[in-house]
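K.L.:
The structure is given below, and queries will be raised subsequently.
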Amino acid sequence: MKQLLFEIHNKDSLLSGIEDIRRYQEYHLPKSMVFHLYCGVVDEEWITWITGQLMDVFPDAGIAGASSHAEIIDGHLTDPVILLSVMFFEKTDVKVTCFSDVLGKEAETGRKVCEIIDSTPDIKAAEFLIQGTPVDNYAFLQEAQKCRGDVKIFGGYPIGHDVDNDRRFIVHSSGVFDNALVLVTYAGKDFHIDVAHTAGWRSLGRSFTVTAADKNTLISVDGFPAADLYERYLRIVPDENFMVNTMEFPLFLEDDGIEMLRHPAAATSDGTLALAGYVRKGMKVYMSYGDPNAIIADVDKRCEEVRQFEPEAVLLYTCTMRKMFWSYFINNEMMPFQKLATTAGFCTGGELNRDMKSGKIMWHNITLLSIAMREGDKTGKSIPEVRVDTTALHGQVGLVQRLTTLVQRTSEELRETLDNLQSANRRLMKMATTDGLTGLYNRREIEYQINEALDQTKRSGGQVALIMLDIDHFKNVNDTYGHEAGDRILEGFANAITSLVNEYEGEAAGRWGGEEFFCLLPNDTLDMAVERAEKIRRTIEDYPFPYVDQLTCSVGVTVANGKEDRKRVFSRVDDALYEAKRSGRNRVVVGE
């Protein structure tokens, strides 16, 4: 496999490049060829003439291209130009298919793409160059990702040199299109590809939840207008400078555990955010910030993965917002790839990468998408390690590095403080609601839960079962063995009750006072509650308590609904308990 690169400034540079390509083709006789055109020039007539010349000389080759905010050649950005990449494959079949009318047919196009992928023998990867807004790419991706799960999928969205106003288009041998998708399939048993996206942005502060969204529009989070996030926490207001001011602070989203960045392209006066990518209700959202240290660490890690892969060619699709963040340091994170293989690509309006675990095709912003390719097995040749050159990072980027370190450390300390506070609150809550000796709910809490259960039956019908228990002859235990022995027996009694109460079903047990206890059974009928009470009584009778040979308890049982007077309910179960004690103890009595 081989990749050759040419900057096309005029007809002479194109014709010279075509001659070089023709000579290579005649000498090496590749099985297939594919041209990528990354267009920093908005001139449809000129681009059409270029594609026509290529097709005249290489009619069996495919062409895939897009408009670009900047072009990447040999690991660095060029001045606005048309960059021509040609890849020669010795053993791989590469096919290019164009769908020139996607708008309104997104799901249908996704199904057609899925059919092509699934019907291509030995397919290893598929590339999408796809039009952005107004095309509903989410609908397309939902269908396209249903293709076989072992196929790696990557791609990018066109954009112009003027992010706001330039025309965005897709290029194919059949023309230049504003409403299209180009599909490139790579198939062959000896073809190998490694794809990954690199971010480096860190979440900032607490999470929010998307409460209203529509495709690429984020309407609200936690019930308030989405743009308030920026005004409330960063004092960035929705004006004509909104996109530039939020460049370093995109939104960090979680989609079923997969992390994505979303840059706000605009904000309306009512607080709605237009994002450069889809968003759905229920997603977790964080503010985020660009951390140069984290970005460099992630790029270094990815370079090592690519080095281990031993590529013969590399494509880099990097987000325009990432370029704007790095400014003139953008080349620093791309140059290491060129030391591993010939590297080409473009600055995109968004990046596509399939998550191989879930099979989902994820739409990313602000990432560096690196695609390493080769034919045949690895050779095991010695390739020197490569890393991002940080010696030139100074000025504003150096300042950002120091500020992000401050933010990171401060955030960590705040999270630790918050964790400690939450832990303290949990301890206080437990102290306020539980009995210190037995660990069961205290009287106030068990009474509250019983009342809540009665209120629920009043709203939805049904009934609640209550069990009240009293340890028989407990005073004799204290008088004979002392209060410490009494405490141990109360703890054992609570453990025995707890083992028979299922809190997951809304059941609860509490200490009413002294040696009296309550059980709340919101799902039991009277017969079920009586059976449960008998089981508790037998368990206590057989329980190996310390100090005493045997201990018994008396039990009262009743059922109630929310329509009854609560005092009458408590009085009824209390009367049943004392009837059990008066009639001989160690028995269950029902309060009708």
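Residue numbers start at 1 in each chain; chains themselves are named A, B, ... in the order of the structure tokens; ligands are numbered from 1 in the order shown.
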I'd like the contact shell of Asp194 (chain A) - 10 Å cut-off, only C-alpha atoms, skipping same-chain residues fewer than 2 positions apart - returned as a PyMOL selection string.
P.N.:
chain A and resi 125+152+192+196+305-306+309+311+314+370-374
K.L.:
For the contact check between region 252-364 of chain A and region 154-159 of chain A, emit one row per residue of region 252-364 of chain A within 9 Å, containing the shortest atom pair and the distance in Å rounded to one decimal, counting only C-alpha atoms, chain then rising number order, as CSV.
P.N.:
residue,atom,partner,partner_atom,distance
A:Tyr317,CA,A:Gly156,CA,6.7
A:Thr318,CA,A:Gly156,CA,8.6
A:Cys319,CA,A:Gly156,CA,8.9
A:Thr320,CA,A:Ile159,CA,8.3
A:Phe346,CA,A:Gly156,CA,8.9
A:Cys347,CA,A:Ile159,CA,7.8
A:Thr348,CA,A:Tyr157,CA,5.5
A:Gly349,CA,A:Tyr157,CA,5.0
A:Gly350,CA,A:Tyr157,CA,5.2
A:Glu351,CA,A:Gly156,CA,4.5
A:Leu352,CA,A:Gly155,CA,4.8
A:Asn353,CA,A:Phe154,CA,4.5
A:Arg354,CA,A:Phe154,CA,6.5
A:Ile361,CA,A:Phe154,CA,8.2
A:Trp363,CA,A:Gly156,CA,8.9
K.L.:
Mind writing the picked residues with C-alpha atoms as a PDB file, in the first residue's frame?
P.N.:
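File part09.pdb, as written:
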ATOM      1  CA  TYR A 317      -9.696  14.141  10.272  1.00  0.00           C
ATOM      2  CA  THR A 318      -9.541  16.872  12.894  1.00  0.00           C
ATOM      3  CA  CYS A 319     -12.288  19.205  14.051  1.00  0.00           C
ATOM      4  CA  THR A 320     -12.163  22.853  13.002  1.00  0.00           C
ATOM      5  CA  PHE A 346      -8.669  17.844   6.550  1.00  0.00           C
ATOM      6  CA  CYS A 347     -10.289  20.003   9.218  1.00  0.00           C
ATOM      7  CA  THR A 348     -13.893  18.885   9.519  1.00  0.00           C
ATOM      8  CA  GLY A 349     -17.252  20.043  10.777  1.00  0.00           C
ATOM      9  CA  GLY A 350     -17.556  16.817  12.782  1.00  0.00           C
ATOM     10  CA  GLU A 351     -16.006  13.364  12.977  1.00  0.00           C
ATOM     11  CA  LEU A 352     -17.516   9.875  12.745  1.00  0.00           C
ATOM     12  CA  ASN A 353     -16.157   6.838  14.526  1.00  0.00           C
ATOM     13  CA  ARG A 354     -17.851   3.544  15.284  1.00  0.00           C
ATOM     14  CA  ILE A 361     -21.600   5.096  14.896  1.00  0.00           C
ATOM     15  CA  TRP A 363     -20.831  11.647  15.857  1.00  0.00           C
TER      16      TRP A 363
END
K.L.:
Neighbouring residues of Glu534 (chain A) were defined as those with any atom within 9 Å, considering only C-alpha atoms; residues of the same chain fewer than 5 positions away were excluded. Please report them as a PyMOL selection string.
P.N.:
chain A and resi 529+539+555+587-588
K.L.:
Store the residues picked out above, limited to N, CA and C atoms, as a compact mmCIF listing (two decimals), in the first residue's frame.
P.N.:
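Done, and the output landed in part_17.txt:
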# COMPACT_ATOMS: atom_id res chain seq x y z
N ALA A 529 -49.66 -11.63 56.28
CA ALA A 529 -49.05 -10.97 57.44
C ALA A 529 -49.07 -11.88 58.66
N THR A 539 -39.03 -17.87 64.82
CA THR A 539 -37.61 -17.53 64.70
C THR A 539 -37.06 -17.02 66.03
N VAL A 555 -47.15 -11.03 69.66
CA VAL A 555 -47.28 -10.34 68.38
C VAL A 555 -48.73 -9.95 68.12
N ARG A 587 -47.44 -15.73 71.30
CA ARG A 587 -48.50 -16.04 70.33
C ARG A 587 -48.80 -14.82 69.47
N VAL A 588 -49.57 -15.07 68.39
CA VAL A 588 -49.97 -14.02 67.46
C VAL A 588 -51.46 -13.81 67.58
K.L.:
Please provide as a PDB file with C-alpha atoms, in the first residue's frame all residues within 12 Å of Asp43 (chain A), with the sequence filter that same-chain residues fewer than 5 positions apart are discarded (counting only C-alpha atoms).
P.N.:
ATOM      1  CA  THR A  48     -15.177  19.451 -11.605  1.00  0.00           C
ATOM      2  CA  TRP A  49     -12.353  19.925 -14.128  1.00  0.00           C
ATOM      3  CA  ILE A  50      -9.927  18.219 -11.704  1.00  0.00           C
ATOM      4  CA  SER A  67     -14.853  21.043   1.365  1.00  0.00           C
ATOM      5  CA  VAL A  81      -5.510  24.627  -1.522  1.00  0.00           C
ATOM      6  CA  ILE A  82      -6.967  21.514  -3.085  1.00  0.00           C
ATOM      7  CA  GLY A 160     -15.603  25.797   4.634  1.00  0.00           C
ATOM      8  CA  ASP A 166     -18.649  29.263   3.172  1.00  0.00           C
ATOM      9  CA  ARG A 167     -20.362  26.658   1.052  1.00  0.00           C
ATOM     10  CA  ARG A 168     -20.023  23.083   2.322  1.00  0.00           C
ATOM     11  CA  PHE A 169     -20.025  20.311  -0.235  1.00  0.00           C
ATOM     12  CA  VAL A 171     -17.056  15.666  -4.047  1.00  0.00           C
ATOM     13  CA  VAL A 176     -19.908  18.452  -6.596  1.00  0.00           C
TER      14      VAL A 176
END
K.L.:
What's the 12 Å shell around Ile21 (chain A), counting only C-alpha atoms, without same-chain residues fewer than 6 positions away, as a VMD selection string?
P.N.:
chain A and resid 2 to 6 14 to 15 27 to 30 33 to 35 54 57 to 58 61 84 to 88
K.L.:
Write the selection just made, keeping N, CA and C atoms, as a PDB file, in the first residue's frame?
P.N.:
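Saved result, part24.pdb, follows:
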ATOM      1  N   LYS A   2       0.410   2.271  -0.695  1.00  0.00           N
ATOM      2  CA  LYS A   2       1.185   3.513  -0.808  1.00  0.00           C
ATOM      3  C   LYS A   2       0.230   4.701  -0.900  1.00  0.00           C
ATOM      4  N   GLN A   3       0.591   5.808  -0.236  1.00  0.00           N
ATOM      5  CA  GLN A   3      -0.167   7.057  -0.360  1.00  0.00           C
ATOM      6  C   GLN A   3       0.760   8.144  -0.901  1.00  0.00           C
ATOM      7  N   LEU A   4       0.308   8.810  -1.978  1.00  0.00           N
ATOM      8  CA  LEU A   4       1.022   9.949  -2.545  1.00  0.00           C
ATOM      9  C   LEU A   4       0.155  11.189  -2.385  1.00  0.00           C
ATOM     10  N   LEU A   5       0.798  12.343  -2.133  1.00  0.00           N
ATOM     11  CA  LEU A   5       0.075  13.586  -1.880  1.00  0.00           C
ATOM     12  C   LEU A   5       0.525  14.669  -2.853  1.00  0.00           C
ATOM     13  N   PHE A   6      -0.460  15.506  -3.286  1.00  0.00           N
ATOM     14  CA  PHE A   6      -0.172  16.588  -4.220  1.00  0.00           C
ATOM     15  C   PHE A   6      -1.013  17.802  -3.854  1.00  0.00           C
ATOM     16  N   LEU A  14      -1.672  19.986 -11.403  1.00  0.00           N
ATOM     17  CA  LEU A  14      -2.507  18.792 -11.512  1.00  0.00           C
ATOM     18  C   LEU A  14      -1.935  17.836 -12.558  1.00  0.00           C
ATOM     19  N   LEU A  15      -1.614  18.352 -13.718  1.00  0.00           N
ATOM     20  CA  LEU A  15      -1.118  17.490 -14.792  1.00  0.00           C
ATOM     21  C   LEU A  15       0.204  16.851 -14.404  1.00  0.00           C
ATOM     22  N   TYR A  27       4.195   1.045 -12.997  1.00  0.00           N
ATOM     23  CA  TYR A  27       5.313   0.279 -12.462  1.00  0.00           C
ATOM     24  C   TYR A  27       4.849  -0.750 -11.428  1.00  0.00           C
ATOM     25  N   HIS A  28       3.849  -0.371 -10.591  1.00  0.00           N
ATOM     26  CA  HIS A  28       3.444  -1.233  -9.476  1.00  0.00           C
ATOM     27  C   HIS A  28       2.173  -2.034  -9.749  1.00  0.00           C
ATOM     28  N   LEU A  29       1.371  -1.620 -10.733  1.00  0.00           N
ATOM     29  CA  LEU A  29       0.141  -2.327 -11.104  1.00  0.00           C
ATOM     30  C   LEU A  29      -0.745  -2.640  -9.889  1.00  0.00           C
ATOM     31  N   PRO A  30      -1.206  -1.600  -9.178  1.00  0.00           N
ATOM     32  CA  PRO A  30      -2.049  -1.836  -7.998  1.00  0.00           C
ATOM     33  C   PRO A  30      -3.392  -2.453  -8.384  1.00  0.00           C
ATOM     34  N   MET A  33      -7.309   1.836  -6.687  1.00  0.00           N
ATOM     35  CA  MET A  33      -6.849   3.165  -6.317  1.00  0.00           C
ATOM     36  C   MET A  33      -8.044   3.974  -5.830  1.00  0.00           C
ATOM     37  N   VAL A  34      -7.791   4.872  -4.880  1.00  0.00           N
ATOM     38  CA  VAL A  34      -8.828   5.801  -4.461  1.00  0.00           C
ATOM     39  C   VAL A  34      -8.198   7.180  -4.281  1.00  0.00           C
ATOM     40  N   PHE A  35      -8.900   8.195  -4.817  1.00  0.00           N
ATOM     41  CA  PHE A  35      -8.484   9.585  -4.664  1.00  0.00           C
ATOM     42  C   PHE A  35      -9.323  10.241  -3.576  1.00  0.00           C
ATOM     43  N   LEU A  54      -8.877  13.426 -13.731  1.00  0.00           N
ATOM     44  CA  LEU A  54      -8.509  12.185 -13.035  1.00  0.00           C
ATOM     45  C   LEU A  54      -9.241  10.988 -13.617  1.00  0.00           C
ATOM     46  N   VAL A  57      -7.907   9.716 -17.052  1.00  0.00           N
ATOM     47  CA  VAL A  57      -6.661   8.940 -17.026  1.00  0.00           C
ATOM     48  C   VAL A  57      -6.810   7.666 -16.192  1.00  0.00           C
ATOM     49  N   PHE A  58      -7.638   7.744 -15.132  1.00  0.00           N
ATOM     50  CA  PHE A  58      -7.774   6.601 -14.218  1.00  0.00           C
ATOM     51  C   PHE A  58      -9.263   6.255 -14.063  1.00  0.00           C
ATOM     52  N   ALA A  61     -10.587   4.202 -10.979  1.00  0.00           N
ATOM     53  CA  ALA A  61     -10.364   4.686  -9.614  1.00  0.00           C
ATOM     54  C   ALA A  61     -11.629   5.350  -9.071  1.00  0.00           C
ATOM     55  N   LEU A  84      -4.755  16.684  -2.999  1.00  0.00           N
ATOM     56  CA  LEU A  84      -5.076  15.416  -3.658  1.00  0.00           C
ATOM     57  C   LEU A  84      -4.263  14.299  -3.002  1.00  0.00           C
ATOM     58  N   SER A  85      -4.965  13.339  -2.420  1.00  0.00           N
ATOM     59  CA  SER A  85      -4.337  12.131  -1.893  1.00  0.00           C
ATOM     60  C   SER A  85      -4.735  10.969  -2.790  1.00  0.00           C
ATOM     61  N   VAL A  86      -3.763  10.151  -3.163  1.00  0.00           N
ATOM     62  CA  VAL A  86      -4.066   8.935  -3.911  1.00  0.00           C
ATOM     63  C   VAL A  86      -3.489   7.761  -3.148  1.00  0.00           C
ATOM     64  N   MET A  87      -4.320   6.768  -2.896  1.00  0.00           N
ATOM     65  CA  MET A  87      -3.896   5.556  -2.200  1.00  0.00           C
ATOM     66  C   MET A  87      -3.900   4.389  -3.192  1.00  0.00           C
ATOM     67  N   PHE A  88      -2.793   3.677  -3.250  1.00  0.00           N
ATOM     68  CA  PHE A  88      -2.659   2.491  -4.093  1.00  0.00           C
ATOM     69  C   PHE A  88      -2.741   1.248  -3.203  1.00  0.00           C
TER      70      PHE A  88
END
K.L.:
Which residue out of A:Val279, A:Trp201, A:Arg582, A:Lys189 has the minimum interatomic distance to Ser220 (chain A) when only C-alpha atoms are used?
P.N.:
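Among the listed residues, the smallest separation from Ser220 (chain A) belongs to A:Val279.
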K.L.:
Out of A:Glu7, A:Leu129, A:Met334, A:Ser499, which residue has the shortest atom-to-atom distance to Lys535 (chain A) when counting only C-alpha atoms?
P.N.:
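Smallest distance to Lys535 (chain A) is found for A:Ser499.
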K.L.:
Go through A:Glu312, A:Phe325, A:Ile540, A:Arg23 one by one, measure the shortest atom-to-atom distance of each to Asn245 (chain A) using only C-alpha atoms, and give the residue with the smallest value.
P.N.:
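Looking at the shortest contact to Asn245 (chain A), the residue is A:Phe325.
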K.L.:
List the spatial neighbours of Tyr233 (chain A) as a list in words - criterion: any atom at most 12 Å away, only C-alpha atoms, same-chain residues fewer than 2 positions off excluded.
P.N.:
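Here the qualifying residues turn out to be Leu204, Gly205, Arg206, Ala226, Ala227, Asp228, Leu229, Tyr230, Glu231, Arg235, Ile236, Val237, Thr246, Phe249, Tyr286, Met287 and Ser288 of chain A.
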K.L.:
Name the residues of region 460-574 of chain A that come out as strand (DSSP E) in a backbone DSSP run; write them as number ranges by chain.
P.N.:
A: 464-471, 508-513, 516-521, 553-560
K.L.:
How would the residues just chosen look if you wrote them out with C-alpha atoms as a compact mmCIF listing (two decimals), in the first residue's frame?
P.N.:
# COMPACT_ATOMS: atom_id res chain seq x y z
CA VAL A 464 -51.17 -2.15 54.46
CA ALA A 465 -50.26 -4.86 56.96
CA LEU A 466 -48.71 -3.96 60.33
CA ILE A 467 -47.03 -6.20 62.88
CA MET A 468 -46.27 -5.04 66.43
CA LEU A 469 -43.98 -7.13 68.65
CA ASP A 470 -43.02 -7.12 72.32
CA ILE A 471 -40.32 -9.24 73.99
CA ALA A 508 -39.50 -1.75 56.99
CA ALA A 509 -38.77 -2.60 60.63
CA GLY A 510 -38.35 -0.18 63.52
CA ARG A 511 -37.97 0.04 67.26
CA TRP A 512 -41.10 1.57 68.76
CA GLY A 513 -39.60 1.98 72.21
CA GLU A 516 -41.49 -2.99 71.41
CA PHE A 517 -40.99 -3.19 67.64
CA PHE A 518 -42.99 -2.56 64.46
CA CYS A 519 -42.91 -4.16 61.01
CA LEU A 520 -44.47 -2.47 57.96
CA LEU A 521 -45.52 -4.88 55.18
CA CYS A 553 -42.31 -12.57 71.93
CA SER A 554 -45.95 -11.62 71.68
CA VAL A 555 -47.28 -10.34 68.38
CA GLY A 556 -50.21 -8.24 67.18
CA VAL A 557 -51.24 -8.08 63.54
CA THR A 558 -53.67 -5.90 61.60
CA VAL A 559 -54.34 -4.49 58.15
CA ALA A 560 -55.49 -0.98 57.33
K.L.:
Which of these, A:Gln53, A:Asn365, A:Arg232, A:Glu45, has the shortest distance to Ser16 (chain A) once you count only C-alpha atoms?
P.N.:
A:Gln53
